[in-house]
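Colleague: This structure is in structure tokens; I'll ask about it shortly.
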Amino acid sequence: MSAALSYSTQSPNGSPSAPRLAIRRVTLSDFRCYASLRLDPEPGLVVLTGANGAGKTNLLEALSLLSPGRGLRGARLAEIPRHGEGGGAEQPRPTAREWAVAAEFTTPHGSVSIGVGWAEADGDRRAVRIDGQAAGSQTALSEHVSMVWLTPAMDRLFVDAPAGRRRFLDRLVFAFDPAHAGRLQAYDKARRERSRLLREMRVDDSWLAALERNMAERAVAVAAARLDLVERLKRAFGEETGSFPRPEIAVRGMIEDRLEARPALEVEESYREALSQARARDRESGTSEGVHRSDLSARLGAGGPTAEQASTGEQKAILISLILAHGRLLACLKSRAPVLLLDEIAAHLDARRRAALFAAIRGLGAQAWLTGTDESLFAPLRGTAQFHTVSNGRITARAGNG
């Protein structure tokens, strides 16, 4: 096993001795159902319970927007603001307000203040401030914050379309390689431009050749990053000591398959040539081959069923195994365990796997935010976790928090 994947030195309470990444204060303004909110959590486990629609997922979404990407819902920024009553006959409909999320983090390198927000005049652009200074882009967040999340919508990850699995895998890659997002965007931009030229019958060989060269360079880099992470995750599964499965995973696609057998430069050139030769076919079909069609596959274990054939509980256990392995990698390679946002995490898990999940989070040393409608599912955490009740956009700390 790679030395990079070994556990860090443990402190007496069982969590890693390296300083953890944790949110110590979060404030919301006009975010979804929250007119305003301030919460001062401790570094460990935070349990949020309440009825459906109370605002639990809204809070996790707000936290997720403090990291790079579009957040755990992938929502457009204009969909997020809390709405209030308009004033008078000229504004009969509710009006959207500006929203903001701010947090104080403790990190292995000290404290950092991060704020994100949206104003209607800015369109779909998220403003980012780090320690009071405007950041050039949200990519700067990756230098300070790592977050991983699971939501109920992801329970169908292995039975829905491949696009969701690609986004999931690419988000995991991005936590280690912030440039991955830029390569994906550049690849997609060149692919769409090539498709447009072909569709409009605009035959410009030099222009098409330049786009295809761009696509080939970016595609090989994207595929290589995906394959590298999958191999790291496979090794990290070997450190799993609880009752979660050690799944077999692979990323399959034309470029990924070729890279496993051939040098990168050779794959890049062969893909460029394939694109050039496929122009007529791609014009007719409106699509092309490439990393935008790759897929993440998983199997419950050696000789076990594929993920799509597994039960709902088994599929969720595979997802949790992936998240825990990813967290261990981040903790070892970046000296910080990610903040975990686990929405309705206890659903579909039996008591044995719930206990294993809680133990694994403690062992990782991560700050984890766990939500659920049934507080009794989190009973083993009484005395050690912070419990909060969420109701109608308000959060109340429960007595007896650890």
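Each chain of the structure tokens is named A, B, ... in the order shown, its residues numbered from 1; ligands are numbered from 1 in display order.
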Considering only C-alpha atoms, give me a table of residues in range 138-181 of chain A that are at most 9 Å from range 289-307 of chain A, with the closest atom pair and distance in Å for each, as CSV.

Modeller:
residue,atom,partner,partner_atom,distance
A:Phe158,CA,A:Ala307,CA,6.0
A:Val159,CA,A:Ala307,CA,8.0
A:Pro162,CA,A:Asp295,CA,5.5
A:Ala163,CA,A:Asp295,CA,7.6
A:Arg165,CA,A:Leu296,CA,5.8
A:Arg166,CA,A:Asp295,CA,6.0
A:Phe168,CA,A:Leu296,CA,8.9
A:Leu169,CA,A:Leu296,CA,7.3

Colleague: With a distance cut-off of 12 Å and only C-alpha atoms, select the neighbouring residues of Met154 in chain A, excluding the residue or stretch itself and same-chain residues fewer than 5 positions from it, and output the selection as an MDAnalysis selection string.

Modeller: chainID A and resid 72:73 149 159:161 164:165 167:168 312 315:320 342:345

Colleague: Got time to write the residues from that selection, N, CA and C atoms, as a compact mmCIF listing (two decimals), in the first residue's frame?

Modeller:
# COMPACT_ATOMS: atom_id res chain seq x y z
N LEU A 72 -24.75 21.42 -3.31
CA LEU A 72 -25.28 20.05 -3.31
C LEU A 72 -26.58 19.91 -4.09
N ARG A 73 -27.27 21.01 -4.37
CA ARG A 73 -28.47 20.93 -5.21
C ARG A 73 -28.18 21.29 -6.66
N TRP A 149 -20.39 15.65 0.16
CA TRP A 149 -21.76 15.48 0.64
C TRP A 149 -22.46 14.30 -0.01
N VAL A 159 -28.33 3.86 -10.55
CA VAL A 159 -29.41 3.39 -11.42
C VAL A 159 -29.88 4.48 -12.38
N ASP A 160 -29.48 5.72 -12.13
CA ASP A 160 -29.84 6.81 -13.03
C ASP A 160 -28.82 6.94 -14.15
N ALA A 161 -28.92 8.00 -14.92
CA ALA A 161 -28.08 8.19 -16.10
C ALA A 161 -26.61 8.38 -15.72
N GLY A 164 -24.87 11.78 -13.96
CA GLY A 164 -24.78 12.01 -12.53
C GLY A 164 -23.55 11.36 -11.92
N ARG A 165 -23.19 10.18 -12.40
CA ARG A 165 -22.00 9.51 -11.88
C ARG A 165 -20.74 10.23 -12.31
N ARG A 167 -20.50 13.49 -12.82
CA ARG A 167 -20.40 14.69 -11.98
C ARG A 167 -19.91 14.34 -10.59
N PHE A 168 -20.40 13.22 -10.05
CA PHE A 168 -19.97 12.77 -8.73
C PHE A 168 -18.47 12.50 -8.72
N THR A 312 -31.25 -1.05 -2.21
CA THR A 312 -31.10 0.38 -1.89
C THR A 312 -30.11 0.59 -0.76
N GLN A 315 -26.58 -0.05 -2.07
CA GLN A 315 -26.11 1.07 -2.89
C GLN A 315 -25.66 2.24 -2.02
N LYS A 316 -26.43 2.50 -0.96
CA LYS A 316 -26.05 3.59 -0.07
C LYS A 316 -24.75 3.26 0.66
N ALA A 317 -24.57 2.00 1.04
CA ALA A 317 -23.34 1.59 1.70
C ALA A 317 -22.13 1.76 0.77
N ILE A 318 -22.30 1.50 -0.52
CA ILE A 318 -21.22 1.72 -1.49
C ILE A 318 -20.87 3.20 -1.55
N LEU A 319 -21.89 4.06 -1.61
CA LEU A 319 -21.66 5.50 -1.65
C LEU A 319 -20.91 5.97 -0.41
N ILE A 320 -21.34 5.48 0.75
CA ILE A 320 -20.68 5.88 1.99
C ILE A 320 -19.23 5.41 2.01
N LEU A 342 -24.04 15.23 5.33
CA LEU A 342 -24.69 13.93 5.12
C LEU A 342 -26.19 14.08 5.38
N ASP A 343 -26.93 14.27 4.31
CA ASP A 343 -28.36 14.55 4.39
C ASP A 343 -29.15 13.24 4.43
N GLU A 344 -29.99 13.09 5.45
CA GLU A 344 -30.79 11.86 5.63
C GLU A 344 -29.89 10.63 5.55
N ILE A 345 -28.75 10.71 6.18
CA ILE A 345 -27.73 9.68 6.02
C ILE A 345 -28.12 8.35 6.65

Colleague: Produce a table with one row for each residue of range 26-70 of chain A that has an atom at most 9 Å from any atom of range 77-80 of chain A, each row naming the nearest atom pair and its distance in Å at one decimal; use only C-alpha atoms; arrange rows by chain and rising residue number; format as CSV.

Modeller:
residue,atom,partner,partner_atom,distance
A:Asp30,CA,A:Ile80,CA,8.6
A:Phe31,CA,A:Ile80,CA,6.2
A:Arg32,CA,A:Ile80,CA,5.4
A:Arg70,CA,A:Leu77,CA,8.7

Colleague: Can I get the selected residues back with C-alpha atoms, as a CSV table (one decimal), in the first residue's frame?

Modeller:
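Final output, selection.csv:
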chain,number,residue,atom,x,y,z
A,30,ASP,CA,-32.3,35.6,3.1
A,31,PHE,CA,-31.2,32.1,2.1
A,32,ARG,CA,-34.1,29.8,1.2
A,70,ARG,CA,-22.7,24.7,-7.7

Colleague: From the list A:Ala219, A:Glu240, A:Leu229, A:Thr106, which residue is nearest Met254 in chain A when using only C-alpha atoms?

Modeller: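 Distance minimum relative to Met254 in chain A lands on A:Ala219.
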
Colleague: Which of these, A:Ala103, A:Leu364, A:Leu377, A:Met147, has the shortest distance to Gly132 in chain A once you count only C-alpha atoms?

Modeller: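 Checking each candidate against Gly132 in chain A, we get A:Ala103 as the closest.
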
Colleague: Just list as number ranges by chain whatever in range 68-289 of chain A DSSP marks as strand (DSSP E).

Modeller: A: 83-84, 95-96, 99-107, 110-118, 127-130, 133-134, 147-150, 248-252

Colleague: Keeping C-alpha atoms for every residue in the selection just given, could you write it to a file as a PDB file, in the first residue's frame?

Modeller:
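Output (selection-v6.pdb):
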ATOM      1  CA  HIS A  83     -38.929  35.597  -0.956  1.00  0.00           C
ATOM      2  CA  GLY A  84     -40.923  38.246   0.846  1.00  0.00           C
ATOM      3  CA  THR A  95     -39.720  39.804  -4.529  1.00  0.00           C
ATOM      4  CA  ALA A  96     -36.358  38.048  -4.345  1.00  0.00           C
ATOM      5  CA  TRP A  99     -28.710  36.249  -0.152  1.00  0.00           C
ATOM      6  CA  ALA A 100     -25.445  35.639   1.652  1.00  0.00           C
ATOM      7  CA  VAL A 101     -23.638  32.871   3.529  1.00  0.00           C
ATOM      8  CA  ALA A 102     -20.615  33.508   5.714  1.00  0.00           C
ATOM      9  CA  ALA A 103     -18.542  31.220   7.898  1.00  0.00           C
ATOM     10  CA  GLU A 104     -15.483  31.137  10.087  1.00  0.00           C
ATOM     11  CA  PHE A 105     -13.339  28.044   9.557  1.00  0.00           C
ATOM     12  CA  THR A 106     -10.558  26.537  11.571  1.00  0.00           C
ATOM     13  CA  THR A 107      -8.025  24.937   9.238  1.00  0.00           C
ATOM     14  CA  GLY A 110      -5.159  28.822  11.020  1.00  0.00           C
ATOM     15  CA  SER A 111      -8.525  30.542  10.855  1.00  0.00           C
ATOM     16  CA  VAL A 112     -10.117  31.786   7.651  1.00  0.00           C
ATOM     17  CA  SER A 113     -13.277  33.757   6.997  1.00  0.00           C
ATOM     18  CA  ILE A 114     -15.259  32.943   3.869  1.00  0.00           C
ATOM     19  CA  GLY A 115     -18.344  34.635   2.517  1.00  0.00           C
ATOM     20  CA  VAL A 116     -20.389  33.964  -0.609  1.00  0.00           C
ATOM     21  CA  GLY A 117     -23.415  35.760  -1.929  1.00  0.00           C
ATOM     22  CA  TRP A 118     -25.565  36.775  -4.866  1.00  0.00           C
ATOM     23  CA  ALA A 127     -19.409  36.584  -5.258  1.00  0.00           C
ATOM     24  CA  VAL A 128     -16.644  35.138  -3.059  1.00  0.00           C
ATOM     25  CA  ARG A 129     -14.726  36.886  -0.286  1.00  0.00           C
ATOM     26  CA  ILE A 130     -11.859  35.295   1.659  1.00  0.00           C
ATOM     27  CA  GLN A 133     -10.898  40.277   0.191  1.00  0.00           C
ATOM     28  CA  ALA A 134     -12.744  39.601  -3.060  1.00  0.00           C
ATOM     29  CA  MET A 147     -16.417  19.399   1.476  1.00  0.00           C
ATOM     30  CA  VAL A 148     -18.056  16.146   0.503  1.00  0.00           C
ATOM     31  CA  TRP A 149     -21.762  15.481   0.638  1.00  0.00           C
ATOM     32  CA  LEU A 150     -24.379  12.807   0.217  1.00  0.00           C
ATOM     33  CA  GLU A 248     -14.759  -2.614  -6.787  1.00  0.00           C
ATOM     34  CA  ILE A 249     -14.880   0.554  -8.869  1.00  0.00           C
ATOM     35  CA  ALA A 250     -13.774   1.541 -12.353  1.00  0.00           C
ATOM     36  CA  VAL A 251     -14.190   4.427 -14.739  1.00  0.00           C
ATOM     37  CA  ARG A 252     -14.983   3.271 -18.257  1.00  0.00           C
TER      38      ARG A 252
END

Colleague: Among range 76-191 of chain A, which residues does DSSP mark as alpha helix (DSSP H) when it is run on the backbone? Keep the chain and numbering as in the structure and answer as JSON, numbers by chain.

Modeller: {"A": [162, 163, 164, 165, 166, 167, 168, 169, 170, 171, 172, 173, 174, 175, 176, 179, 180, 181, 182, 183, 184, 185, 186, 187, 188, 189, 190, 191]}

Colleague: Identify which of the residues A:Gly313, A:Pro263, A:Gly44, A:Gly383 lies closest to Ala347 in chain A, counting only C-alpha atoms when measuring atom-to-atom distances.

Modeller: A:Gly313

Colleague: Determine, counting only C-alpha atoms, which protein, DNA and RNA residues have an atom within 9 Å of an atom of Ala216 in chain A; residues of the same chain fewer than 3 positions away are not included. Present the result as a PDB file with N, CA and C atoms, in the first residue's frame.

Modeller:
ATOM      1  N   TYR A 187     -12.724  21.599 -22.371  1.00  0.00           N
ATOM      2  CA  TYR A 187     -13.092  20.490 -23.255  1.00  0.00           C
ATOM      3  C   TYR A 187     -14.526  20.667 -23.758  1.00  0.00           C
ATOM      4  N   LEU A 211      -9.831  22.990 -32.765  1.00  0.00           N
ATOM      5  CA  LEU A 211     -10.784  22.574 -31.740  1.00  0.00           C
ATOM      6  C   LEU A 211     -10.566  21.110 -31.356  1.00  0.00           C
ATOM      7  N   GLU A 212     -10.311  20.267 -32.353  1.00  0.00           N
ATOM      8  CA  GLU A 212     -10.108  18.841 -32.076  1.00  0.00           C
ATOM      9  C   GLU A 212      -8.801  18.601 -31.321  1.00  0.00           C
ATOM     10  N   ARG A 213      -7.800  19.395 -31.604  1.00  0.00           N
ATOM     11  CA  ARG A 213      -6.553  19.291 -30.849  1.00  0.00           C
ATOM     12  C   ARG A 213      -6.768  19.706 -29.389  1.00  0.00           C
ATOM     13  N   ALA A 219      -9.126  16.136 -22.990  1.00  0.00           N
ATOM     14  CA  ALA A 219      -9.758  14.846 -22.708  1.00  0.00           C
ATOM     15  C   ALA A 219      -8.780  13.888 -22.043  1.00  0.00           C
ATOM     16  N   VAL A 220      -7.556  13.844 -22.534  1.00  0.00           N
ATOM     17  CA  VAL A 220      -6.568  12.935 -21.957  1.00  0.00           C
ATOM     18  C   VAL A 220      -6.238  13.358 -20.526  1.00  0.00           C
ATOM     19  N   ALA A 221      -6.124  14.666 -20.281  1.00  0.00           N
ATOM     20  CA  ALA A 221      -5.846  15.136 -18.923  1.00  0.00           C
ATOM     21  C   ALA A 221      -7.009  14.817 -17.980  1.00  0.00           C
ATOM     22  N   VAL A 267      -2.399   8.273 -27.052  1.00  0.00           N
ATOM     23  CA  VAL A 267      -3.861   8.329 -26.940  1.00  0.00           C
ATOM     24  C   VAL A 267      -4.369   9.682 -27.422  1.00  0.00           C
ATOM     25  N   GLU A 268      -3.678  10.733 -27.063  1.00  0.00           N
ATOM     26  CA  GLU A 268      -4.079  12.077 -27.483  1.00  0.00           C
ATOM     27  C   GLU A 268      -4.100  12.194 -28.999  1.00  0.00           C
ATOM     28  N   GLU A 269      -3.047  11.702 -29.645  1.00  0.00           N
ATOM     29  CA  GLU A 269      -2.971  11.796 -31.105  1.00  0.00           C
ATOM     30  C   GLU A 269      -4.028  10.916 -31.777  1.00  0.00           C
ATOM     31  N   SER A 270      -4.241   9.707 -31.258  1.00  0.00           N
ATOM     32  CA  SER A 270      -5.228   8.818 -31.877  1.00  0.00           C
ATOM     33  C   SER A 270      -6.645   9.370 -31.725  1.00  0.00           C
ATOM     34  N   TYR A 271      -6.929  10.021 -30.593  1.00  0.00           N
ATOM     35  CA  TYR A 271      -8.253  10.617 -30.402  1.00  0.00           C
ATOM     36  C   TYR A 271      -8.442  11.806 -31.340  1.00  0.00           C
ATOM     37  N   ARG A 272      -7.404  12.611 -31.507  1.00  0.00           N
ATOM     38  CA  ARG A 272      -7.501  13.743 -32.439  1.00  0.00           C
ATOM     39  C   ARG A 272      -7.783  13.249 -33.847  1.00  0.00           C
ATOM     40  N   LEU A 275     -11.414  12.051 -34.137  1.00  0.00           N
ATOM     41  CA  LEU A 275     -12.355  13.168 -34.265  1.00  0.00           C
ATOM     42  C   LEU A 275     -12.359  13.714 -35.686  1.00  0.00           C
ATOM     43  N   GLY A 290     -16.030  10.698 -26.442  1.00  0.00           N
ATOM     44  CA  GLY A 290     -15.106  11.437 -25.604  1.00  0.00           C
ATOM     45  C   GLY A 290     -15.390  11.265 -24.132  1.00  0.00           C
TER      46      GLY A 290
END

Colleague: So how many Å separate CA of Ser376 in chain A and CA of Arg24 in chain A, to one decimal?

Modeller: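 Going from CA of Ser376 in chain A over to CA of Arg24 in chain A, I get 25.8 Å.
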
Colleague: Once you count only C-alpha atoms, what closest atom pair and distance in Å to one decimal does each residue of range 226-286 of chain A within 12 Å of range 176-183 of chain A have, with rows by chain and rising residue number, as a tab-separated table?

Modeller:
residue	atom	partner	partner_atom	distance
A:Arg226	CA	A:His180	CA	9.3
A:Asp228	CA	A:Phe176	CA	10.6
A:Leu229	CA	A:Phe176	CA	8.7
A:Arg232	CA	A:Phe176	CA	11.2

Colleague: Compare A:Gly363, A:Gly69, A:Pro380, A:Pro81 by their minimum atom-to-atom distance to Gly242 in chain A, counting only C-alpha atoms, and give me the closest one.

Modeller: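 The shortest atom-to-atom distance to Gly242 in chain A comes from A:Gly363.
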